[in-house]
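Trainee: Please find upload.txt (compact mmCIF, C-alpha atoms) on the next line:
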```txt
# COMPACT_ATOMS: atom_id res chain seq x y z
CA MET V 2 0.00 0.00 0.00
CA PRO V 3 1.55 3.38 -0.96
CA ARG V 4 2.31 5.92 1.65
CA PRO V 5 -0.04 8.92 1.93
CA SER V 6 2.36 11.24 0.17
CA GLN V 7 2.65 8.84 -2.78
CA SER V 8 -1.11 8.50 -3.03
CA ARG V 9 -1.59 12.27 -3.21
CA ALA V 10 1.18 12.57 -5.77
CA SER V 11 -0.32 9.96 -8.09
CA ALA V 12 -3.76 11.53 -7.80
CA SER V 13 -2.36 14.84 -8.99
CA GLN V 14 -0.74 13.31 -12.08
CA PRO V 15 -2.56 13.74 -15.42
CA LEU V 16 -4.23 10.66 -16.92
CA SER V 17 -2.74 9.11 -20.01
CA ILE V 18 -4.75 8.95 -23.26
CA SER V 19 -5.29 5.21 -22.77
CA GLN V 20 -6.64 5.80 -19.26
CA VAL V 21 -9.06 8.47 -20.51
CA GLN V 22 -10.29 6.16 -23.29
CA ALA V 23 -10.74 3.28 -20.84
CA SER V 24 -12.73 5.55 -18.51
CA GLN V 25 -14.95 6.77 -21.35
CA SER V 26 -15.46 3.20 -22.57
CA SER V 27 -16.50 2.09 -19.09
CA GLU V 28 -19.02 4.94 -18.84
CA ALA V 29 -20.40 4.07 -22.29
CA VAL V 30 -20.93 0.45 -21.23
CA VAL V 31 -22.83 1.58 -18.13
CA ASP V 32 -25.00 3.92 -20.20
CA ILE V 33 -25.80 1.29 -22.85
CA THR V 34 -26.55 -1.31 -20.20
CA SER V 35 -29.02 1.00 -18.48
CA TYR V 36 -30.67 1.78 -21.83
CA VAL V 37 -30.92 -1.93 -22.67
CA THR V 38 -32.60 -2.57 -19.33
CA ALA V 39 -35.02 0.30 -19.94
CA VAL V 40 -35.86 -0.91 -23.46
CA VAL V 41 -36.44 -4.50 -22.30
CA LYS V 42 -38.74 -3.24 -19.55
CA ALA V 43 -40.63 -1.01 -22.01
CA ILE V 44 -41.04 -3.86 -24.51
CA LEU V 45 -42.40 -6.22 -21.85
CA ASN V 46 -44.84 -3.56 -20.59
CA LEU V 47 -46.02 -2.54 -24.05
CA SER V 48 -46.59 -6.14 -25.12
CA CYS V 49 -48.45 -7.38 -22.02
CA ASN V 50 -51.68 -7.27 -24.06
CA LYS V 51 -49.90 -8.56 -27.19
CA ALA V 52 -50.02 -5.09 -28.73
CA ILE V 53 -47.83 -3.94 -31.61
CA ILE V 54 -44.69 -2.19 -30.35
CA LYS V 55 -43.69 1.01 -32.10
CA ARG V 56 -39.98 1.75 -32.44
CA ALA V 57 -40.72 5.45 -31.88
CA ASP V 58 -42.40 4.65 -28.53
CA LEU V 59 -39.29 2.80 -27.36
CA VAL V 60 -37.16 5.82 -28.24
CA ASN V 61 -39.45 8.17 -26.32
CA ILE V 62 -40.10 5.93 -23.30
CA ALA V 63 -36.75 4.19 -22.77
CA LEU V 64 -34.14 6.28 -24.58
CA LYS V 65 -35.42 9.75 -23.68
CA GLY V 66 -35.68 10.65 -27.35
CA ASN V 67 -32.16 9.55 -28.28
CA GLY V 68 -33.00 7.71 -31.49
CA ARG V 69 -29.35 7.27 -32.50
CA LEU V 70 -28.95 4.54 -29.86
CA ILE V 71 -31.98 2.44 -30.77
CA GLY V 72 -30.23 0.12 -33.24
CA ARG V 73 -27.37 -0.78 -30.90
CA VAL V 74 -29.60 -1.05 -27.84
CA LEU V 75 -32.14 -3.26 -29.61
CA GLN V 76 -29.41 -5.69 -30.64
CA GLU V 77 -28.58 -6.33 -27.00
CA ALA V 78 -32.21 -6.21 -25.87
CA VAL V 79 -33.12 -8.95 -28.36
CA VAL V 80 -30.53 -11.27 -26.81
CA GLU V 81 -31.71 -10.54 -23.27
CA LEU V 82 -35.37 -11.06 -24.16
CA LYS V 83 -34.64 -14.46 -25.70
CA ASP V 84 -32.08 -15.78 -23.21
CA ILE V 85 -33.74 -14.56 -20.01
CA TYR V 86 -37.44 -14.26 -20.80
CA GLY V 87 -37.92 -16.71 -23.66
CA TYR V 88 -39.27 -14.14 -26.12
CA GLU V 89 -38.39 -13.31 -29.71
CA LEU V 90 -38.74 -9.78 -31.03
CA ILE V 91 -40.25 -9.98 -34.52
CA GLU V 92 -40.05 -7.06 -36.92
CA VAL V 93 -43.41 -6.34 -38.56
CA GLU V 94 -42.76 -3.13 -40.45
CA LYS V 95 -39.08 -2.41 -41.10
CA ASN V 96 -37.65 0.09 -38.60
CA LYS V 97 -41.15 1.02 -37.41
CA THR V 98 -43.07 -1.73 -35.60
CA MET V 99 -42.46 -5.11 -33.97
CA ILE V 100 -44.17 -7.72 -31.80
CA LEU V 101 -42.98 -9.92 -28.97
CA CYS V 102 -43.56 -13.67 -29.46
CA SER V 103 -42.93 -16.49 -27.04
CA THR V 104 -40.30 -19.07 -27.99
CA LEU V 105 -41.43 -21.47 -25.25
CA PRO V 106 -43.53 -24.56 -26.07
CA CYS V 107 -47.30 -24.02 -25.93
CA GLY V 108 -48.89 -25.22 -22.71
CA SER V 109 -52.09 -27.20 -22.37
CA MET V 110 -55.46 -25.45 -22.57
CA ASP V 111 -56.05 -26.79 -19.06
CA GLU V 112 -53.29 -24.50 -17.76
CA LEU V 113 -55.13 -21.36 -18.93
CA ASN V 114 -57.68 -19.40 -16.94
CA ASP V 115 -61.27 -19.57 -18.15
CA ALA V 116 -61.21 -16.30 -20.12
CA ASP V 117 -57.98 -17.17 -21.96
CA ARG V 118 -59.20 -20.70 -22.66
CA ARG V 119 -62.34 -19.40 -24.37
CA ARG V 120 -60.33 -16.88 -26.31
CA TYR V 121 -57.81 -19.38 -27.64
CA ILE V 122 -60.43 -21.99 -28.50
CA PHE V 123 -62.22 -19.38 -30.60
CA LEU V 124 -58.95 -18.29 -32.23
CA TYR V 125 -57.93 -21.88 -33.00
CA LEU V 126 -61.29 -22.58 -34.62
CA ILE V 127 -60.65 -19.71 -37.03
CA LEU V 128 -56.97 -20.51 -37.63
CA GLY V 129 -57.79 -24.18 -38.14
CA TYR V 130 -60.49 -23.46 -40.69
CA ILE V 131 -58.19 -21.11 -42.61
CA PHE V 132 -55.38 -23.66 -42.55
CA MET V 133 -57.61 -26.47 -43.76
CA LYS V 134 -58.75 -24.17 -46.60
CA ASN V 135 -55.11 -23.73 -47.71
CA GLY V 136 -54.26 -20.48 -46.01
CA SER V 137 -56.62 -17.74 -47.20
CA VAL V 138 -60.42 -17.48 -46.90
CA PRO V 139 -62.96 -14.73 -47.71
CA GLU V 140 -64.11 -13.13 -44.47
CA THR V 141 -67.76 -13.84 -45.25
CA ILE V 142 -66.94 -17.54 -45.59
CA VAL V 143 -65.17 -17.52 -42.22
CA TRP V 144 -68.35 -16.25 -40.57
CA GLU V 145 -70.45 -18.76 -42.47
CA PHE V 146 -68.28 -21.51 -41.03
CA LEU V 147 -68.62 -20.08 -37.52
CA GLU V 148 -72.39 -19.88 -37.94
CA THR V 149 -72.48 -23.64 -38.56
CA LEU V 150 -71.06 -23.93 -35.03
CA GLY V 151 -73.72 -21.62 -33.61
CA ILE V 152 -71.38 -18.59 -33.47
CA GLU V 153 -72.95 -15.49 -35.04
CA GLU V 154 -71.16 -12.22 -35.64
CA GLN V 155 -73.74 -9.87 -34.15
CA GLN V 156 -74.90 -12.04 -31.26
CA GLU V 157 -73.49 -12.68 -27.81
CA HIS V 158 -72.42 -16.30 -27.54
CA ASN V 159 -73.27 -18.22 -24.36
CA TYR V 160 -69.69 -19.57 -24.09
CA PHE V 161 -67.42 -17.17 -26.01
CA GLY V 162 -69.25 -13.97 -25.10
CA ASP V 163 -68.81 -10.95 -27.40
CA VAL V 164 -67.38 -12.80 -30.41
CA LYS V 165 -67.20 -9.72 -32.66
CA LYS V 166 -65.04 -7.86 -30.15
CA MET V 167 -62.83 -10.90 -29.66
CA TYR V 168 -62.56 -11.46 -33.41
CA ASP V 169 -61.49 -7.85 -34.03
CA SER V 170 -58.83 -8.08 -31.31
CA PHE V 171 -57.15 -10.93 -33.21
CA PHE V 172 -56.28 -8.47 -35.99
CA LYS V 173 -54.94 -5.85 -33.59
CA GLN V 174 -52.67 -8.49 -32.05
CA LEU V 175 -51.68 -9.81 -35.50
CA TYR V 176 -53.04 -13.31 -34.97
CA LEU V 177 -55.10 -12.69 -38.11
CA ALA V 178 -54.47 -10.59 -41.21
CA ARG V 179 -56.82 -9.00 -43.76
CA THR V 180 -56.00 -8.55 -47.44
CA LYS V 181 -58.17 -6.91 -50.08
CA GLN V 182 -58.54 -8.71 -53.37
CA VAL V 183 -60.17 -7.28 -56.46
CA LEU V 184 -62.11 -9.87 -58.43
CA GLU V 185 -63.14 -9.27 -62.02
CA GLY V 186 -66.87 -8.88 -62.46
CA LEU V 187 -67.56 -7.92 -58.83
CA ASN V 188 -68.28 -4.38 -57.70
CA ASP V 189 -66.95 -4.84 -54.18
CA ASP V 190 -63.49 -5.98 -53.13
CA VAL V 191 -63.25 -9.34 -51.40
CA MET V 192 -61.63 -9.30 -47.96
CA LEU V 193 -59.43 -12.35 -47.43
CA ILE V 194 -58.46 -13.58 -43.98
CA SER V 195 -55.17 -15.40 -43.33
CA TRP V 196 -52.81 -16.24 -40.47
CA GLY V 197 -51.13 -13.15 -39.03
CA VAL V 198 -47.47 -12.72 -38.14
CA ARG V 199 -47.99 -13.68 -34.49
CA SER V 200 -49.81 -16.92 -35.35
CA LYS V 201 -47.01 -17.94 -37.71
CA HIS V 202 -44.54 -17.70 -34.82
CA GLU V 203 -46.64 -18.88 -31.88
CA VAL V 204 -49.14 -21.43 -33.19
CA SER V 205 -48.27 -25.00 -34.18
CA LYS V 206 -49.83 -25.97 -37.50
CA LYS V 207 -49.25 -29.61 -36.61
CA GLU V 208 -51.35 -29.26 -33.45
CA ILE V 209 -54.02 -27.38 -35.37
CA LEU V 210 -54.20 -30.17 -37.98
CA GLU V 211 -54.27 -32.91 -35.35
CA GLY V 212 -57.03 -31.10 -33.45
CA PHE V 213 -59.27 -30.76 -36.51
CA CYS V 214 -58.64 -34.36 -37.57
CA LYS V 215 -59.60 -35.56 -34.10
CA VAL V 216 -62.92 -33.75 -34.35
CA MET V 217 -63.54 -35.12 -37.87
CA ASN V 218 -62.28 -38.61 -36.95
CA ARG V 219 -59.74 -38.46 -39.77
CA ASN V 220 -56.03 -39.16 -40.08
CA PRO V 221 -53.77 -36.12 -40.62
CA VAL V 222 -52.10 -37.83 -43.60
CA ASP V 223 -55.50 -37.76 -45.35
CA PHE V 224 -54.86 -34.04 -45.90
CA LYS V 225 -51.60 -34.26 -47.81
CA THR V 226 -51.00 -30.54 -48.44
CA GLN V 227 -51.72 -29.54 -44.86
CA TYR V 228 -49.77 -32.48 -43.47
CA ILE V 229 -46.62 -31.56 -45.41
CA GLU V 230 -46.94 -27.86 -44.54
CA ALA V 231 -47.57 -28.57 -40.86
CA ASN V 232 -44.51 -30.78 -40.51
CA GLU V 233 -42.28 -28.40 -42.47
CA HIS V 234 -43.51 -25.43 -40.41
CA ASP V 235 -42.90 -27.10 -37.05
CA HIS V 236 -39.49 -28.35 -38.20
CA VAL V 237 -38.45 -24.79 -39.07
CA GLU V 238 -39.74 -23.49 -35.72
CA ASP V 239 -37.76 -26.15 -33.84
CA ASP V 240 -34.58 -25.15 -35.67
```
Give the structure from this file in structure tokens form.
Mentor:
Amino acid sequence: MPRPSQSRASASQPLSISQVQASQSSEAVVDITSYVTAVVKAILNLSCNKAIIKRADLVNIALKGNGRLIGRVLQEAVVELKDIYGYELIEVEKNKTMILCSTLPCGSMDELNDADRRRYIFLYLILGYIFMKNGSVPETIVWEFLETLGIEEQQEHNYFGDVKKMYDSFFKQLYLARTKQVLEGLNDDVMLISWGVRSKHEVSKKEILEGFCKVMNRNPVDFKTQYIEANEHDHVEDD
């Protein structure tokens, strides 16, 4: 341990360039780390209702308006979200919006509370029908299918509740997607419904196929196109 006089002498000496750079580097690491923590927290809070996350909101909420840091901070936040929380940050609109999707295996319906169970059963009915119809269905046909199950758009359902409100929320959360298609000879555009970005990352097509086949008392291999797609999709997700 240096004597007091030596300690005071060394403290009065100017820092070398390398020492200054090391000090600045250390401060930068601390700053970035705090920003990463703030961004991760903001992402988790903004996505608690499976909402779309706006890049601009992250800049305002977590980075105090410092947009120049967002790219670097997001790179580290993505790693933390996946390694610690089991989430994947999926870009929806380049440099503008994103969603948070779980990378963990889907649990059983029995593990859900009653409200979530009803919600996911209704969603899976729609996703399953679309999948069995090769991926894209006119919206009117989707409702015709639901009506065969006693689910009507403008009526409260005794099990699912307000189905129209629930149905609309699936689009806001990107479980479902709408696409306009112009058909020759028709005055009005046809609205097609397909799987949304979130469903493609969170829902197992193999489980959807197996569920529908169980109800219909059929073998999944009877539906060759869907069977191949389901197994390819789940193989990619596993990788």
Trainee: Give me the residues within 12 Å of Pro221 (chain V) as a ChimeraX atom specification, counting only C-alpha atoms and dropping any in the same chain fewer than 4 places off.
Mentor: /V:133,206-217,225-232
Trainee: Please list, as number ranges by chain, the residues that have an atom at most 8 Å away from (-72.8, -14.1, -28.5) in the coordinates of this file, counting only C-alpha atoms.
Mentor: V: 152-164
Trainee: Would you mind reading off the distance between CA of Tyr88 (chain V) and CA of Arg199 (chain V), one decimal, in Å?
Mentor: 12.1 Å
Trainee: Please indicate the distance in Å from CA of Tyr168 (chain V) to CA of Leu124 (chain V), rounded to one decimal place.
Mentor: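 Pair CA of Tyr168 (chain V) / CA of Leu124 (chain V) returns 7.8 Å.
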Trainee: Counting only C-alpha atoms, what is within 10 Å of Met99 (chain V), bar same-chain residues fewer than 4 positions away, as a count of residues only?
Mentor: 13
Trainee: Using CA of Glu77 (chain V) and CA of Trp196 (chain V) as the two end points, give the distance in Å to one decimal.
Mentor: 29.4 Å
Trainee: List every protein, DNA or RNA residue with an atom no more than 12 Å from (-70.1, -19.8, -38.4) in the file's coordinates, counting all atoms listed in the file, and format the result as a list of chain:residue names.
Mentor: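 All residues meeting the 12 Å criterion around (-70.1, -19.8, -38.4) are V:Phe123, V:Leu126, V:Ile127, V:Tyr130, V:Glu140, V:Thr141, V:Ile142, V:Val143, V:Trp144, V:Glu145, V:Phe146, V:Leu147, V:Glu148, V:Thr149, V:Leu150, V:Gly151, V:Ile152, V:Glu153, V:Glu154, V:Gln155, V:Gln156, V:His158, V:Val164, V:Lys165.
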Trainee: Closest to Leu75 (chain V) among V:Val60, V:Val222, V:Ile194, V:Val183, using all atoms listed in the file?
Mentor: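 Among the listed residues, V:Val60 lies closest to Leu75 (chain V).
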Trainee: Any chance you could work out the axis-aligned box around region 97-103 of chain V, listed atoms only, 6 Å on each side, giving centre and edge lengths in Å to one decimal, as AutoDock Vina command-line options?
Mentor:
```
--center_x -42.7 --center_y -7.7 --center_z -32.2 --size_x 15.0 --size_y 29.5 --size_z 22.4
```
Trainee: Would you please work out which residue, of V:Val74, V:Met167, V:Val40, V:Met110, is nearest to Ile62 (chain V) when using only C-alpha atoms?
Mentor: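 The shortest atom-to-atom distance to Ile62 (chain V) comes from V:Val40.
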Trainee: Name all residues at most 7 Å from Pro139 (chain V) (count all atoms listed in the file; drop same-chain ones fewer than 5 positions away) and give them as a short mmCIF file (atom, residue, chain, number, x, y, z; two decimals) with C-alpha atoms, in the frame of the given file.
Mentor:
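Okay, selection.cif is ready:
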```cif
data_model
loop_
_atom_site.label_atom_id
_atom_site.label_comp_id
_atom_site.auth_asym_id
_atom_site.auth_seq_id
_atom_site.Cartn_x
_atom_site.Cartn_y
_atom_site.Cartn_z
CA VAL V 191 -63.25 -9.34 -51.40
CA MET V 192 -61.63 -9.30 -47.96
CA LEU V 193 -59.43 -12.35 -47.43
CA ILE V 194 -58.46 -13.58 -43.98
#
```
Trainee: For Ile131 (chain V), which residue out of V:Gly197, V:Ser35, V:Asp84, V:Lys65 is the nearest one, using all atoms listed in the file?
Mentor: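 When distances to Ile131 (chain V) are compared using all atoms listed in the file, the smallest one comes from V:Gly197.
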Trainee: Identify, on the basis of only C-alpha atoms, every residue whose closest approach to region 78-83 of chain V does not exceed 12 Å; exclude the query and any residue fewer than 2 positions from it along the same chain; express the result as a ChimeraX atom specification.
Mentor: /V:33-45,59,63,70-76,85-92,99-105
Trainee: Print the selection's residues with C-alpha atoms to a file, as a JSON list (two decimals), in the frame of the given file.
Mentor:
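Once everything was written out, this is result05.json:
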```json
[["chain", "number", "residue", "atom", "x", "y", "z"],
["V", 33, "ILE", "CA", -25.80, 1.29, -22.85],
["V", 34, "THR", "CA", -26.55, -1.31, -20.20],
["V", 35, "SER", "CA", -29.02, 1.00, -18.48],
["V", 36, "TYR", "CA", -30.67, 1.78, -21.83],
["V", 37, "VAL", "CA", -30.92, -1.93, -22.67],
["V", 38, "THR", "CA", -32.60, -2.57, -19.33],
["V", 39, "ALA", "CA", -35.02, 0.30, -19.94],
["V", 40, "VAL", "CA", -35.86, -0.91, -23.46],
["V", 41, "VAL", "CA", -36.44, -4.50, -22.30],
["V", 42, "LYS", "CA", -38.74, -3.24, -19.55],
["V", 43, "ALA", "CA", -40.63, -1.01, -22.01],
["V", 44, "ILE", "CA", -41.04, -3.86, -24.51],
["V", 45, "LEU", "CA", -42.40, -6.22, -21.85],
["V", 59, "LEU", "CA", -39.29, 2.80, -27.36],
["V", 63, "ALA", "CA", -36.75, 4.19, -22.77],
["V", 70, "LEU", "CA", -28.95, 4.54, -29.86],
["V", 71, "ILE", "CA", -31.98, 2.44, -30.77],
["V", 72, "GLY", "CA", -30.23, 0.12, -33.24],
["V", 73, "ARG", "CA", -27.37, -0.78, -30.90],
["V", 74, "VAL", "CA", -29.60, -1.05, -27.84],
["V", 75, "LEU", "CA", -32.14, -3.26, -29.61],
["V", 76, "GLN", "CA", -29.41, -5.69, -30.64],
["V", 85, "ILE", "CA", -33.74, -14.56, -20.01],
["V", 86, "TYR", "CA", -37.44, -14.26, -20.80],
["V", 87, "GLY", "CA", -37.92, -16.71, -23.66],
["V", 88, "TYR", "CA", -39.27, -14.14, -26.12],
["V", 89, "GLU", "CA", -38.39, -13.31, -29.71],
["V", 90, "LEU", "CA", -38.74, -9.78, -31.03],
["V", 91, "ILE", "CA", -40.25, -9.98, -34.52],
["V", 92, "GLU", "CA", -40.05, -7.06, -36.92],
["V", 99, "MET", "CA", -42.46, -5.11, -33.97],
["V", 100, "ILE", "CA", -44.17, -7.72, -31.80],
["V", 101, "LEU", "CA", -42.98, -9.92, -28.97],
["V", 102, "CYS", "CA", -43.56, -13.67, -29.46],
["V", 103, "SER", "CA", -42.93, -16.49, -27.04],
["V", 104, "THR", "CA", -40.30, -19.07, -27.99],
["V", 105, "LEU", "CA", -41.43, -21.47, -25.25]]
```
Trainee: List as a PyMOL selection string the protein and nucleic acid residues near Ala57 (chain V), meaning an atom at most 9 Å away when all atoms listed in the file are counted, but skip any in the same chain fewer than 5 places from it.
Mentor: chain V and resi 62+66+68+97-98
Trainee: Could you rebuild region 215-226 of chain V with all heavy atoms and give me the result as a tab-separated table (two decimals), in the frame of the given file?
Mentor:
```
chain	number	residue	atom	x	y	z
V	215	LYS	N	-58.99	-34.85	-35.21
V	215	LYS	CA	-59.60	-35.56	-34.10
V	215	LYS	C	-61.10	-35.33	-34.07
V	215	LYS	O	-61.89	-36.26	-33.85
V	215	LYS	CB	-58.96	-35.10	-32.79
V	215	LYS	CG	-59.41	-35.89	-31.57
V	215	LYS	CD	-58.65	-35.45	-30.34
V	215	LYS	CE	-59.06	-36.27	-29.12
V	215	LYS	NZ	-58.31	-35.85	-27.89
V	216	VAL	N	-61.50	-34.09	-34.32
V	216	VAL	CA	-62.92	-33.75	-34.35
V	216	VAL	C	-63.62	-34.46	-35.51
V	216	VAL	O	-64.75	-34.96	-35.38
V	216	VAL	CB	-63.12	-32.22	-34.46
V	216	VAL	CG1	-64.59	-31.88	-34.71
V	216	VAL	CG2	-62.62	-31.54	-33.20
V	217	MET	N	-62.95	-34.52	-36.67
V	217	MET	CA	-63.54	-35.12	-37.87
V	217	MET	C	-63.32	-36.63	-37.96
V	217	MET	O	-63.78	-37.28	-38.89
V	217	MET	CB	-62.95	-34.46	-39.13
V	217	MET	CG	-63.27	-32.99	-39.27
V	217	MET	SD	-62.66	-32.30	-40.83
V	217	MET	CE	-60.89	-32.33	-40.55
V	218	ASN	N	-62.60	-37.19	-36.95
V	218	ASN	CA	-62.28	-38.61	-36.95
V	218	ASN	C	-61.55	-39.01	-38.23
V	218	ASN	O	-61.87	-40.02	-38.87
V	218	ASN	CB	-63.55	-39.46	-36.78
V	218	ASN	CG	-63.23	-40.90	-36.38
V	218	ASN	OD1	-62.20	-41.16	-35.76
V	218	ASN	ND2	-64.11	-41.81	-36.74
V	219	ARG	N	-60.55	-38.20	-38.57
V	219	ARG	CA	-59.74	-38.46	-39.77
V	219	ARG	C	-58.27	-38.54	-39.39
V	219	ARG	O	-57.86	-38.10	-38.32
V	219	ARG	CB	-59.94	-37.32	-40.80
V	219	ARG	CG	-61.37	-37.17	-41.31
V	219	ARG	CD	-61.70	-38.20	-42.36
V	219	ARG	NE	-60.86	-38.07	-43.54
V	219	ARG	CZ	-61.12	-37.22	-44.54
V	219	ARG	NH1	-62.18	-36.42	-44.49
V	219	ARG	NH2	-60.32	-37.18	-45.60
V	220	ASN	N	-57.47	-39.08	-40.29
V	220	ASN	CA	-56.03	-39.16	-40.08
V	220	ASN	C	-55.37	-37.95	-40.72
V	220	ASN	O	-55.71	-37.58	-41.85
V	220	ASN	CB	-55.49	-40.45	-40.73
V	220	ASN	CG	-54.08	-40.76	-40.30
V	220	ASN	OD1	-53.20	-39.90	-40.30
V	220	ASN	ND2	-53.84	-42.00	-39.93
V	221	PRO	N	-54.43	-37.29	-40.04
V	221	PRO	CA	-53.77	-36.12	-40.62
V	221	PRO	C	-53.18	-36.35	-42.00
V	221	PRO	O	-53.16	-35.43	-42.83
V	221	PRO	CB	-52.66	-35.79	-39.60
V	221	PRO	CG	-53.21	-36.29	-38.31
V	221	PRO	CD	-53.97	-37.54	-38.66
V	222	VAL	N	-52.70	-37.55	-42.29
V	222	VAL	CA	-52.10	-37.83	-43.60
V	222	VAL	C	-53.14	-37.83	-44.70
V	222	VAL	O	-52.80	-37.82	-45.90
V	222	VAL	CB	-51.33	-39.17	-43.59
V	222	VAL	CG1	-50.16	-39.11	-42.64
V	222	VAL	CG2	-52.25	-40.33	-43.25
V	223	ASP	N	-54.44	-37.84	-44.33
V	223	ASP	CA	-55.50	-37.76	-45.35
V	223	ASP	C	-55.49	-36.40	-46.04
V	223	ASP	O	-55.99	-36.25	-47.15
V	223	ASP	CB	-56.88	-37.98	-44.71
V	223	ASP	CG	-57.06	-39.41	-44.20
V	223	ASP	OD1	-56.29	-40.28	-44.64
V	223	ASP	OD2	-57.96	-39.63	-43.36
V	224	PHE	N	-54.93	-35.41	-45.36
V	224	PHE	CA	-54.86	-34.04	-45.90
V	224	PHE	C	-53.40	-33.77	-46.26
V	224	PHE	O	-52.65	-33.17	-45.48
V	224	PHE	CB	-55.39	-33.04	-44.89
V	224	PHE	CG	-56.79	-33.34	-44.44
V	224	PHE	CD1	-57.02	-34.12	-43.31
V	224	PHE	CD2	-57.87	-32.85	-45.15
V	224	PHE	CE1	-58.31	-34.40	-42.89
V	224	PHE	CE2	-59.17	-33.13	-44.74
V	224	PHE	CZ	-59.39	-33.92	-43.61
V	225	LYS	N	-53.01	-34.23	-47.43
V	225	LYS	CA	-51.60	-34.26	-47.81
V	225	LYS	C	-50.94	-32.89	-47.78
V	225	LYS	O	-49.86	-32.72	-47.21
V	225	LYS	CB	-51.46	-34.86	-49.22
V	225	LYS	CG	-50.02	-35.06	-49.65
V	225	LYS	CD	-49.95	-35.77	-51.00
V	225	LYS	CE	-48.49	-35.96	-51.43
V	225	LYS	NZ	-48.40	-36.65	-52.73
V	226	THR	N	-51.59	-31.88	-48.38
V	226	THR	CA	-51.00	-30.54	-48.44
V	226	THR	C	-50.78	-29.97	-47.05
V	226	THR	O	-49.69	-29.45	-46.73
V	226	THR	CB	-51.91	-29.59	-49.25
V	226	THR	OG1	-52.07	-30.11	-50.58
V	226	THR	CG2	-51.30	-28.20	-49.31
```
